[in-house]
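A.B. asks: data_30.txt is reproduced below (compact mmCIF, C-alpha atoms).
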```txt
# COMPACT_ATOMS: atom_id res chain seq x y z
CA MET J 1 0.00 0.00 0.00
CA LYS J 2 2.76 2.48 0.86
CA THR J 3 6.46 2.69 0.06
CA ILE J 4 8.54 5.08 2.15
CA LYS J 5 12.31 5.17 1.87
CA LEU J 6 15.53 7.15 1.80
CA VAL J 7 17.95 6.19 -0.95
CA LYS J 8 21.23 7.26 -2.55
CA HIS J 9 19.82 7.26 -6.07
CA ILE J 10 16.18 7.53 -7.08
CA ASP J 11 15.06 5.04 -9.72
CA LEU J 12 12.14 6.73 -11.48
CA ASN J 13 11.37 3.60 -13.49
CA GLU J 14 10.54 1.78 -10.29
CA VAL J 15 7.86 4.29 -9.24
CA PHE J 16 5.21 3.35 -11.82
CA GLY J 17 5.31 -0.27 -10.69
CA LEU J 18 5.02 0.75 -7.04
CA LEU J 19 1.86 2.72 -7.84
CA GLU J 20 0.12 0.21 -10.09
CA HIS J 21 -3.23 -0.94 -8.73
CA PRO J 22 -6.20 -2.42 -10.62
CA GLU J 23 -8.70 -0.10 -8.92
CA ALA J 24 -6.68 3.06 -9.53
CA GLY J 25 -7.83 5.26 -12.38
CA GLY J 26 -5.07 7.77 -11.96
CA MET J 27 -1.57 8.26 -10.61
CA ASP J 28 -0.06 11.56 -9.70
CA ILE J 29 3.74 11.61 -9.49
CA PHE J 30 5.74 14.62 -8.35
CA VAL J 31 9.48 14.57 -9.00
CA GLY J 32 11.68 17.21 -7.40
CA THR J 33 14.97 17.75 -9.22
CA VAL J 34 18.14 19.78 -8.76
CA ARG J 35 17.84 23.25 -10.26
CA ASN J 36 20.91 24.98 -11.66
CA HIS J 37 20.29 28.35 -9.98
CA ALA J 38 19.22 29.92 -6.68
CA HIS J 39 19.06 33.60 -5.71
CA GLY J 40 20.30 34.52 -9.19
CA LYS J 41 23.49 32.51 -8.83
CA GLU J 42 24.60 29.32 -10.48
CA VAL J 43 24.28 26.18 -8.35
CA MET J 44 26.98 23.58 -9.04
CA GLN J 45 25.47 20.74 -6.99
CA LEU J 46 23.43 19.94 -3.89
CA ASP J 47 24.03 17.75 -0.90
CA PHE J 48 21.24 16.30 1.23
CA GLU J 49 21.66 15.24 4.81
CA GLY J 50 18.95 13.50 6.82
CA TYR J 51 18.20 12.44 10.37
CA GLU J 52 17.29 9.13 8.82
CA PRO J 53 15.23 7.28 11.47
CA MET J 54 13.23 10.40 12.33
CA ALA J 55 12.82 11.41 8.68
CA LEU J 56 11.29 8.00 7.94
CA LYS J 57 8.96 8.34 10.94
CA GLU J 58 7.85 11.82 9.87
CA MET J 59 7.29 10.64 6.29
CA ASP J 60 5.24 7.75 7.66
CA LYS J 61 3.12 10.15 9.76
CA LEU J 62 2.35 12.21 6.64
CA ALA J 63 1.47 9.08 4.69
CA THR J 64 -0.90 8.03 7.48
CA LYS J 65 -2.58 11.45 7.41
CA ALA J 66 -2.97 11.28 3.62
CA LEU J 67 -4.36 7.74 3.77
CA GLU J 68 -6.96 8.90 6.31
CA LYS J 69 -7.93 11.92 4.24
CA TRP J 70 -8.04 10.52 0.69
CA PRO J 71 -9.02 7.10 -0.72
CA ILE J 72 -5.47 6.20 -1.81
CA MET J 73 -4.69 2.75 -3.19
CA LYS J 74 -0.92 3.16 -3.43
CA LEU J 75 1.41 5.78 -2.01
CA VAL J 76 5.12 6.39 -2.61
CA MET J 77 7.48 8.77 -0.77
CA ILE J 78 11.16 8.51 -1.68
CA HIS J 79 13.85 11.05 -0.83
CA ALA J 80 17.47 10.91 -1.90
CA LEU J 81 20.36 11.69 0.43
CA GLY J 82 23.96 12.56 -0.38
CA PRO J 83 25.46 14.59 -3.24
CA LYS J 84 23.18 15.35 -6.22
CA LYS J 85 24.04 16.86 -9.56
CA ILE J 86 21.98 19.31 -11.67
CA GLY J 87 18.88 17.63 -13.08
CA GLU J 88 18.98 14.58 -10.83
CA PRO J 89 15.77 13.58 -9.03
CA VAL J 90 15.94 14.21 -5.28
CA VAL J 91 12.40 13.45 -4.18
CA VAL J 92 9.48 11.48 -5.60
CA ILE J 93 5.94 11.56 -4.26
CA GLY J 94 3.27 9.42 -5.88
CA THR J 95 -0.32 8.52 -5.16
CA ALA J 96 -2.69 6.27 -7.04
CA THR J 97 -6.43 6.75 -6.56
CA ALA J 98 -9.68 5.91 -8.32
CA HIS J 99 -10.14 9.50 -9.52
CA ARG J 100 -7.57 12.14 -10.47
CA ARG J 101 -8.68 14.86 -8.06
CA ASP J 102 -7.73 12.76 -5.02
CA ALA J 103 -4.40 11.86 -6.61
CA PHE J 104 -3.51 15.51 -7.33
CA GLU J 105 -4.61 16.76 -3.91
CA SER J 106 -2.93 14.04 -1.87
CA CYS J 107 0.31 14.27 -3.85
CA ARG J 108 0.46 18.02 -3.31
CA PHE J 109 -0.28 17.64 0.40
CA LEU J 110 2.53 15.11 0.80
CA ILE J 111 5.25 17.15 -0.93
CA ASP J 112 4.18 20.42 0.75
CA GLU J 113 4.18 18.84 4.21
CA LEU J 114 7.43 16.96 3.57
CA LYS J 115 9.14 20.26 2.92
CA THR J 116 7.98 21.72 6.24
CA SER J 117 8.44 18.86 8.69
CA VAL J 118 10.71 16.06 7.52
CA PRO J 119 14.24 16.43 9.01
CA ILE J 120 16.25 16.59 5.79
CA TRP J 121 18.65 19.43 4.96
CA LYS J 122 19.80 20.74 1.61
CA LYS J 123 23.17 22.38 1.05
CA GLU J 124 23.67 24.41 -2.13
CA TYR J 125 27.15 24.61 -3.64
CA PHE J 126 27.90 27.85 -5.46
CA GLY J 127 31.22 28.62 -7.08
CA ASP J 128 32.59 30.45 -4.06
CA LYS J 129 30.57 29.18 -1.09
CA THR J 130 28.04 26.73 0.30
CA VAL J 131 24.67 27.56 1.85
CA TRP J 132 22.33 25.48 4.03
CA VAL J 133 18.93 26.30 2.53
CA ASN J 134 16.33 27.94 4.85
CA ALA J 135 18.83 28.15 7.73
CA HIS J 136 18.57 31.92 8.02
CA PRO J 137 15.51 34.18 7.83
CA MET D 1 23.83 14.15 27.80
CA LYS D 2 24.61 13.95 24.09
CA ILE D 3 22.91 16.07 21.43
CA ILE D 4 22.94 14.90 17.81
CA LEU D 5 23.59 17.69 15.30
CA PHE D 6 22.70 18.18 11.64
CA GLY D 7 23.17 20.66 8.82
CA ILE D 8 24.15 24.17 9.83
CA SER D 9 24.14 23.41 13.57
CA LYS D 10 26.88 20.85 12.92
CA GLU D 11 28.92 23.59 11.25
CA ILE D 12 28.23 26.14 14.00
CA ILE D 13 29.28 23.76 16.78
CA GLY D 14 32.03 22.16 14.72
CA ASN D 15 31.12 18.54 15.43
CA ASN D 16 28.36 16.08 14.63
CA GLN D 17 27.43 15.76 18.26
CA LEU D 18 27.61 17.85 21.38
CA THR D 19 28.23 16.43 24.85
CA LEU D 20 26.81 18.55 27.65
CA PRO D 21 29.07 18.95 30.69
CA GLU D 22 28.43 16.85 33.84
CA GLY D 23 25.97 18.49 36.20
CA HIS D 24 24.43 20.63 33.42
CA GLY D 25 21.12 20.61 35.31
CA LEU D 26 19.00 20.95 32.16
CA THR D 27 15.61 19.31 32.59
CA THR D 28 13.44 20.61 29.75
CA VAL D 29 13.69 21.40 26.04
CA LEU D 30 13.33 25.11 26.76
CA GLU D 31 16.25 25.05 29.22
CA LEU D 32 18.35 23.24 26.64
CA LYS D 33 17.46 25.82 23.95
CA LYS D 34 18.43 28.69 26.28
CA TRP D 35 21.71 26.95 27.21
CA LEU D 36 22.57 26.43 23.53
CA LEU D 37 21.85 30.05 22.67
CA LYS D 38 24.03 31.29 25.53
CA LYS D 39 26.90 28.97 24.60
CA TYR D 40 26.55 29.48 20.82
CA PRO D 41 24.99 32.94 20.32
CA VAL D 42 25.21 32.55 16.53
CA MET D 43 22.38 29.99 16.87
CA GLY D 44 20.17 33.04 17.36
CA SER D 45 20.68 33.96 13.71
CA LEU D 46 18.90 30.80 12.52
CA SER D 47 15.27 31.15 11.43
CA ALA D 48 14.19 28.41 13.87
CA VAL D 49 15.65 25.59 15.91
CA ALA D 50 13.59 22.62 17.07
CA ILE D 51 14.54 19.83 19.42
CA ALA D 52 13.59 16.21 18.82
CA VAL D 53 13.39 13.83 21.76
CA ASP D 54 13.49 10.14 20.82
CA GLN D 55 12.92 11.09 17.17
CA VAL D 56 9.76 13.11 17.78
CA TYR D 57 9.46 16.92 17.67
CA ALA D 58 9.35 18.13 21.28
CA GLU D 59 7.56 21.06 22.92
CA ASP D 60 9.43 23.57 25.09
CA GLU D 61 8.06 21.97 28.25
CA THR D 62 9.04 18.40 27.24
CA PRO D 63 11.33 16.88 29.89
CA ILE D 64 14.78 15.68 28.83
CA SER D 65 17.14 13.16 30.41
CA ASP D 66 20.46 11.51 29.67
CA ASN D 67 19.00 8.23 28.42
CA GLN D 68 16.96 9.84 25.61
CA GLU D 69 18.02 10.45 22.03
CA ILE D 70 18.10 14.23 21.73
CA ALA D 71 18.69 16.00 18.43
CA LEU D 72 18.94 19.60 17.38
CA ILE D 73 16.81 20.22 14.28
CA PRO D 74 17.72 23.38 12.35
CA PRO D 75 15.23 24.64 9.71
CA VAL D 76 14.53 21.74 7.36
CA SER D 77 14.97 22.04 3.60
CA GLY D 78 14.20 18.70 2.01
CA GLY D 79 12.33 18.24 -1.25
```
Once more with this new file: its structure as structure tokens, please.
C.D. replies:
Amino acid sequence: MKTIKLVKHIDLNEVFGLLEHPEAGGMDIFVGTVRNHAHGKEVMQLDFEGYEPMALKEMDKLATKALEKWPIMKLVMIHALGPKKIGEPVVVIGTATAHRRDAFESCRFLIDELKTSVPIWKKEYFGDKTVWVNAHP
Amino acid sequence: MKIILFGISKEIIGNNQLTLPEGHGLTTVLELKKWLLKKYPVMGSLSAVAIAVDQVYAEDETPISDNQEIALIPPVSGG
């Protein structure tokens, strides 16, 4: 029913299979990737660090909330940790439901909430310095 | 008492964990936050700092003790 994990490399080809369900009429898949710029400056790469056991617990709590709120047949939450290059996938959220509205809404809820509560940190590498994202107001 | 550190707090403190001195007398999350801010004033420049006790976000009044897993959670930025 749900797949929640932290990995070094995200395999996007795996996600479709994890979401397949005979009663699902739609899948919504969000893929977050590494962007080549931030604050008008070129980003060379990113590095993700996680408090792994707690991150998995927080992801599981969000999945539980989503499963209570929407009629979801399959749910996927995968986040990558470690160094990531431009264009690489860093997070995948997927939900499969009977109708598309529930898939869109639940997928959006999961990625929005992941970004606010799951203990994972992103470091941006610019040419001359590194920045922990969101650390300062 | 040991505090696990991540992200920018690891860089501020210069280690991936912080051991509080014997007889620190800290009994709640709020006391720990105040102690950290006094010892590392630059922590005050962060947009927020949370404390997790046994891998769950804790409130200011949550009690803390040596046998718990305590972690400092700087502003998260996953996704």
A.B. asks: Which residues come within 10 Å of region 54-63 of chain J, counting only C-alpha atoms, excluding same-chain residues fewer than 3 positions away, as a ChimeraX atom specification?
C.D. replies: /J:2-6,50-51,66-69,72,75-79,106,109-111,113-114,117-120 /D:52,54-57,71,78
A.B. asks: Emit the selected residues as a CSV table (one decimal), keeping the file's coordinate frame, including C-alpha atoms.
C.D. replies:
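Saved result, selection-v3.csv, follows:
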```
chain,number,residue,atom,x,y,z
J,2,LYS,CA,2.8,2.5,0.9
J,3,THR,CA,6.5,2.7,0.1
J,4,ILE,CA,8.5,5.1,2.2
J,5,LYS,CA,12.3,5.2,1.9
J,6,LEU,CA,15.5,7.2,1.8
J,50,GLY,CA,19.0,13.5,6.8
J,51,TYR,CA,18.2,12.4,10.4
J,66,ALA,CA,-3.0,11.3,3.6
J,67,LEU,CA,-4.4,7.7,3.8
J,68,GLU,CA,-7.0,8.9,6.3
J,69,LYS,CA,-7.9,11.9,4.2
J,72,ILE,CA,-5.5,6.2,-1.8
J,75,LEU,CA,1.4,5.8,-2.0
J,76,VAL,CA,5.1,6.4,-2.6
J,77,MET,CA,7.5,8.8,-0.8
J,78,ILE,CA,11.2,8.5,-1.7
J,79,HIS,CA,13.8,11.0,-0.8
J,106,SER,CA,-2.9,14.0,-1.9
J,109,PHE,CA,-0.3,17.6,0.4
J,110,LEU,CA,2.5,15.1,0.8
J,111,ILE,CA,5.2,17.2,-0.9
J,113,GLU,CA,4.2,18.8,4.2
J,114,LEU,CA,7.4,17.0,3.6
J,117,SER,CA,8.4,18.9,8.7
J,118,VAL,CA,10.7,16.1,7.5
J,119,PRO,CA,14.2,16.4,9.0
J,120,ILE,CA,16.2,16.6,5.8
D,52,ALA,CA,13.6,16.2,18.8
D,54,ASP,CA,13.5,10.1,20.8
D,55,GLN,CA,12.9,11.1,17.2
D,56,VAL,CA,9.8,13.1,17.8
D,57,TYR,CA,9.5,16.9,17.7
D,71,ALA,CA,18.7,16.0,18.4
D,78,GLY,CA,14.2,18.7,2.0
```
A.B. asks: Using all atoms listed in the file, find the residues of chain D whose closest atom to chain J is at most 8 Å away, then write them as a PDB file with C-alpha atoms, in the frame of the given file.
C.D. replies:
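Writing done, so here's selection_10.pdb:
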```
ATOM      1  CA  PHE D   6      22.700  18.180  11.640  1.00  0.00           C
ATOM      2  CA  GLY D   7      23.170  20.660   8.820  1.00  0.00           C
ATOM      3  CA  ILE D   8      24.150  24.170   9.830  1.00  0.00           C
ATOM      4  CA  SER D  45      20.680  33.960  13.710  1.00  0.00           C
ATOM      5  CA  LEU D  46      18.900  30.800  12.520  1.00  0.00           C
ATOM      6  CA  SER D  47      15.270  31.150  11.430  1.00  0.00           C
ATOM      7  CA  ALA D  48      14.190  28.410  13.870  1.00  0.00           C
ATOM      8  CA  GLN D  55      12.920  11.090  17.170  1.00  0.00           C
ATOM      9  CA  VAL D  56       9.760  13.110  17.780  1.00  0.00           C
ATOM     10  CA  ILE D  73      16.810  20.220  14.280  1.00  0.00           C
ATOM     11  CA  PRO D  74      17.720  23.380  12.350  1.00  0.00           C
ATOM     12  CA  PRO D  75      15.230  24.640   9.710  1.00  0.00           C
ATOM     13  CA  VAL D  76      14.530  21.740   7.360  1.00  0.00           C
ATOM     14  CA  SER D  77      14.970  22.040   3.600  1.00  0.00           C
ATOM     15  CA  GLY D  78      14.200  18.700   2.010  1.00  0.00           C
ATOM     16  CA  GLY D  79      12.330  18.240  -1.250  1.00  0.00           C
TER      17      GLY D  79
END
```
A.B. asks: Identify the residues around (21.2, 27.8, 23.7) within a radius of 12 Å, measuring from only C-alpha atoms in the coordinates stated by the file, and give them as a list in words.
C.D. replies: Ser9, Ile13, Leu20, Leu26, Val29, Leu30, Glu31, Leu32, Lys33, Lys34, Trp35, Leu36, Leu37, Lys38, Lys39, Tyr40, Pro41, Val42, Met43, Gly44, Ser45, Leu46, Val49, Ala50, Ile51 and Leu72 of chain D
A.B. asks: Export C-alpha atoms of the chosen residues as a tab-separated table (two decimals), in the frame of the given file?
C.D. replies:
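Result file is selection_3.tsv:
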```tsv
chain	number	residue	atom	x	y	z
D	9	SER	CA	24.14	23.41	13.57
D	13	ILE	CA	29.28	23.76	16.78
D	20	LEU	CA	26.81	18.55	27.65
D	26	LEU	CA	19.00	20.95	32.16
D	29	VAL	CA	13.69	21.40	26.04
D	30	LEU	CA	13.33	25.11	26.76
D	31	GLU	CA	16.25	25.05	29.22
D	32	LEU	CA	18.35	23.24	26.64
D	33	LYS	CA	17.46	25.82	23.95
D	34	LYS	CA	18.43	28.69	26.28
D	35	TRP	CA	21.71	26.95	27.21
D	36	LEU	CA	22.57	26.43	23.53
D	37	LEU	CA	21.85	30.05	22.67
D	38	LYS	CA	24.03	31.29	25.53
D	39	LYS	CA	26.90	28.97	24.60
D	40	TYR	CA	26.55	29.48	20.82
D	41	PRO	CA	24.99	32.94	20.32
D	42	VAL	CA	25.21	32.55	16.53
D	43	MET	CA	22.38	29.99	16.87
D	44	GLY	CA	20.17	33.04	17.36
D	45	SER	CA	20.68	33.96	13.71
D	46	LEU	CA	18.90	30.80	12.52
D	49	VAL	CA	15.65	25.59	15.91
D	50	ALA	CA	13.59	22.62	17.07
D	51	ILE	CA	14.54	19.83	19.42
D	72	LEU	CA	18.94	19.60	17.38
```
A.B. asks: What does the distance between CA of Met73 (chain J) and CA of His21 (chain J) come to in Å, to one decimal place?
C.D. replies: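 A separation of 6.8 Å between them.
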A.B. asks: Would you list the contacts of Pro71 (chain J) as a list in words, taking every protein, DNA or RNA residue within 12 Å and counting all atoms listed in the file, but skipping same-chain residues closer than 3 positions in sequence?
C.D. replies: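 Those residues are Met1, Glu23, Ala24, Gly25, Gly26, Ala63, Thr64, Lys65, Ala66, Leu67, Glu68, Lys74, Leu75, Thr95, Ala96, Thr97, Ala98, His99, Arg100, Arg101, Asp102, Ala103, Glu105 and Ser106 of chain J.
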A.B. asks: In the coordinate frame of the file, compute which residues have an atom within 7 Å of (26.3, 22.8, -1.2) when using all atoms listed in the file, and state them as a PyMOL selection string.
C.D. replies: chain J and resi 45-47+123-126+130-131
A.B. asks: What would the file look like if the residues just selected were written as an mmCIF file, keeping the file's coordinate frame with C-alpha atoms?
C.D. replies:
```cif
data_model
loop_
_atom_site.group_PDB
_atom_site.id
_atom_site.type_symbol
_atom_site.label_atom_id
_atom_site.label_comp_id
_atom_site.auth_asym_id
_atom_site.auth_seq_id
_atom_site.Cartn_x
_atom_site.Cartn_y
_atom_site.Cartn_z
ATOM 1 C CA GLN J 45 25.470 20.740 -6.990
ATOM 2 C CA LEU J 46 23.430 19.940 -3.890
ATOM 3 C CA ASP J 47 24.030 17.750 -0.900
ATOM 4 C CA LYS J 123 23.170 22.380 1.050
ATOM 5 C CA GLU J 124 23.670 24.410 -2.130
ATOM 6 C CA TYR J 125 27.150 24.610 -3.640
ATOM 7 C CA PHE J 126 27.900 27.850 -5.460
ATOM 8 C CA THR J 130 28.040 26.730 0.300
ATOM 9 C CA VAL J 131 24.670 27.560 1.850
#
```
A.B. asks: Find the distance between CA of Asn36 (chain J) and CA of His9 (chain J) and write it in Å to one decimal.
C.D. replies: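 It comes out at 18.6 Å.
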A.B. asks: To one decimal in Å, tell me the separation between CA of Ser65 (chain D) and CA of Gly14 (chain D).
C.D. replies: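 One can read the CA of Ser65 (chain D) to CA of Gly14 (chain D) distance as 23.4 Å.
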A.B. asks: Compile the contact shell of Glu22 (chain D) as a tab-separated table (two decimals) with C-alpha atoms, in the frame of the given file: residues with an atom at most 12 Å away, counting only C-alpha atoms, same-chain residues fewer than 5 positions apart removed.
C.D. replies:
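File produced: around12.tsv:
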```tsv
chain	number	residue	atom	x	y	z
D	1	MET	CA	23.83	14.15	27.80
D	2	LYS	CA	24.61	13.95	24.09
D	66	ASP	CA	20.46	11.51	29.67
```
A.B. asks: With 5 Å on each side, where is the centre of the axis-aligned box around all listed atoms of region 47-59 of chain D, and how long are its edges in Å to one decimal, as JSON?
C.D. replies:
```
{"center_x": 11.6, "center_y": 20.6, "center_z": 17.2, "size_x": 18.1, "size_y": 31.0, "size_z": 21.5}
```
A.B. asks: How about completing region 92-119 of chain J with N, CA and C atoms and giving it to me as a PDB file, in the coordinates of the input?
C.D. replies:
```
ATOM      1  N   VAL J  92      10.618  11.941  -4.801  1.00  0.00           N
ATOM      2  CA  VAL J  92       9.480  11.480  -5.600  1.00  0.00           C
ATOM      3  C   VAL J  92       8.319  11.216  -4.656  1.00  0.00           C
ATOM      4  N   ILE J  93       7.171  11.810  -4.993  1.00  0.00           N
ATOM      5  CA  ILE J  93       5.940  11.560  -4.260  1.00  0.00           C
ATOM      6  C   ILE J  93       4.944  11.027  -5.277  1.00  0.00           C
ATOM      7  N   GLY J  94       4.267   9.957  -4.946  1.00  0.00           N
ATOM      8  CA  GLY J  94       3.270   9.420  -5.880  1.00  0.00           C
ATOM      9  C   GLY J  94       2.065   8.885  -5.142  1.00  0.00           C
ATOM     10  N   THR J  95       0.888   9.140  -5.714  1.00  0.00           N
ATOM     11  CA  THR J  95      -0.320   8.520  -5.160  1.00  0.00           C
ATOM     12  C   THR J  95      -1.158   7.987  -6.317  1.00  0.00           C
ATOM     13  N   ALA J  96      -1.789   6.864  -6.060  1.00  0.00           N
ATOM     14  CA  ALA J  96      -2.690   6.270  -7.040  1.00  0.00           C
ATOM     15  C   ALA J  96      -4.069   6.176  -6.401  1.00  0.00           C
ATOM     16  N   THR J  97      -5.054   6.721  -7.098  1.00  0.00           N
ATOM     17  CA  THR J  97      -6.430   6.750  -6.560  1.00  0.00           C
ATOM     18  C   THR J  97      -7.411   6.427  -7.680  1.00  0.00           C
ATOM     19  N   ALA J  98      -8.667   6.231  -7.311  1.00  0.00           N
ATOM     20  CA  ALA J  98      -9.680   5.910  -8.320  1.00  0.00           C
ATOM     21  C   ALA J  98      -9.871   7.088  -9.277  1.00  0.00           C
ATOM     22  N   HIS J  99      -9.875   8.309  -8.712  1.00  0.00           N
ATOM     23  CA  HIS J  99     -10.140   9.500  -9.520  1.00  0.00           C
ATOM     24  C   HIS J  99      -9.008  10.517  -9.386  1.00  0.00           C
ATOM     25  N   ARG J 100      -8.774  11.296 -10.434  1.00  0.00           N
ATOM     26  CA  ARG J 100      -7.570  12.140 -10.470  1.00  0.00           C
ATOM     27  C   ARG J 100      -7.525  13.218  -9.405  1.00  0.00           C
ATOM     28  N   ARG J 101      -8.686  13.759  -9.028  1.00  0.00           N
ATOM     29  CA  ARG J 101      -8.680  14.860  -8.060  1.00  0.00           C
ATOM     30  C   ARG J 101      -8.004  14.430  -6.744  1.00  0.00           C
ATOM     31  N   ASP J 102      -8.337  13.249  -6.279  1.00  0.00           N
ATOM     32  CA  ASP J 102      -7.730  12.760  -5.020  1.00  0.00           C
ATOM     33  C   ASP J 102      -6.229  12.543  -5.189  1.00  0.00           C
ATOM     34  N   ALA J 103      -5.831  12.098  -6.365  1.00  0.00           N
ATOM     35  CA  ALA J 103      -4.400  11.860  -6.610  1.00  0.00           C
ATOM     36  C   ALA J 103      -3.637  13.180  -6.596  1.00  0.00           C
ATOM     37  N   PHE J 104      -4.170  14.193  -7.298  1.00  0.00           N
ATOM     38  CA  PHE J 104      -3.510  15.510  -7.330  1.00  0.00           C
ATOM     39  C   PHE J 104      -3.431  16.105  -5.923  1.00  0.00           C
ATOM     40  N   GLU J 105      -4.561  16.100  -5.225  1.00  0.00           N
ATOM     41  CA  GLU J 105      -4.610  16.760  -3.910  1.00  0.00           C
ATOM     42  C   GLU J 105      -3.705  16.069  -2.898  1.00  0.00           C
ATOM     43  N   SER J 106      -3.724  14.753  -2.867  1.00  0.00           N
ATOM     44  CA  SER J 106      -2.930  14.040  -1.870  1.00  0.00           C
ATOM     45  C   SER J 106      -1.441  14.165  -2.177  1.00  0.00           C
ATOM     46  N   CYS J 107      -1.096  14.158  -3.453  1.00  0.00           N
ATOM     47  CA  CYS J 107       0.310  14.270  -3.850  1.00  0.00           C
ATOM     48  C   CYS J 107       0.845  15.647  -3.441  1.00  0.00           C
ATOM     49  N   ARG J 108       0.049  16.664  -3.676  1.00  0.00           N
ATOM     50  CA  ARG J 108       0.460  18.020  -3.310  1.00  0.00           C
ATOM     51  C   ARG J 108       0.611  18.166  -1.792  1.00  0.00           C
ATOM     52  N   PHE J 109      -0.346  17.613  -1.065  1.00  0.00           N
ATOM     53  CA  PHE J 109      -0.280  17.640   0.400  1.00  0.00           C
ATOM     54  C   PHE J 109       1.025  16.997   0.873  1.00  0.00           C
ATOM     55  N   LEU J 110       1.348  15.846   0.325  1.00  0.00           N
ATOM     56  CA  LEU J 110       2.530  15.110   0.800  1.00  0.00           C
ATOM     57  C   LEU J 110       3.834  15.859   0.519  1.00  0.00           C
ATOM     58  N   ILE J 111       3.988  16.448  -0.651  1.00  0.00           N
ATOM     59  CA  ILE J 111       5.250  17.150  -0.930  1.00  0.00           C
ATOM     60  C   ILE J 111       5.307  18.463  -0.138  1.00  0.00           C
ATOM     61  N   ASP J 112       4.171  19.169  -0.018  1.00  0.00           N
ATOM     62  CA  ASP J 112       4.180  20.420   0.750  1.00  0.00           C
ATOM     63  C   ASP J 112       4.530  20.168   2.213  1.00  0.00           C
ATOM     64  N   GLU J 113       3.932  19.143   2.789  1.00  0.00           N
ATOM     65  CA  GLU J 113       4.180  18.840   4.210  1.00  0.00           C
ATOM     66  C   GLU J 113       5.583  18.290   4.414  1.00  0.00           C
ATOM     67  N   LEU J 114       6.053  17.485   3.461  1.00  0.00           N
ATOM     68  CA  LEU J 114       7.430  16.960   3.570  1.00  0.00           C
ATOM     69  C   LEU J 114       8.418  18.105   3.704  1.00  0.00           C
ATOM     70  N   LYS J 115       8.191  19.131   2.918  1.00  0.00           N
ATOM     71  CA  LYS J 115       9.140  20.260   2.920  1.00  0.00           C
ATOM     72  C   LYS J 115       9.119  21.039   4.231  1.00  0.00           C
ATOM     73  N   THR J 116       8.027  20.952   4.989  1.00  0.00           N
ATOM     74  CA  THR J 116       7.980  21.720   6.240  1.00  0.00           C
ATOM     75  C   THR J 116       8.373  20.908   7.463  1.00  0.00           C
ATOM     76  N   SER J 117       8.230  19.591   7.436  1.00  0.00           N
ATOM     77  CA  SER J 117       8.440  18.860   8.690  1.00  0.00           C
ATOM     78  C   SER J 117       9.470  17.737   8.668  1.00  0.00           C
ATOM     79  N   VAL J 118       9.814  17.221   7.528  1.00  0.00           N
ATOM     80  CA  VAL J 118      10.710  16.060   7.520  1.00  0.00           C
ATOM     81  C   VAL J 118      12.167  16.514   7.717  1.00  0.00           C
ATOM     82  N   PRO J 119      12.877  15.962   8.721  1.00  0.00           N
ATOM     83  CA  PRO J 119      14.240  16.430   9.010  1.00  0.00           C
ATOM     84  C   PRO J 119      15.278  15.998   7.967  1.00  0.00           C
TER      85      PRO J 119
END
```
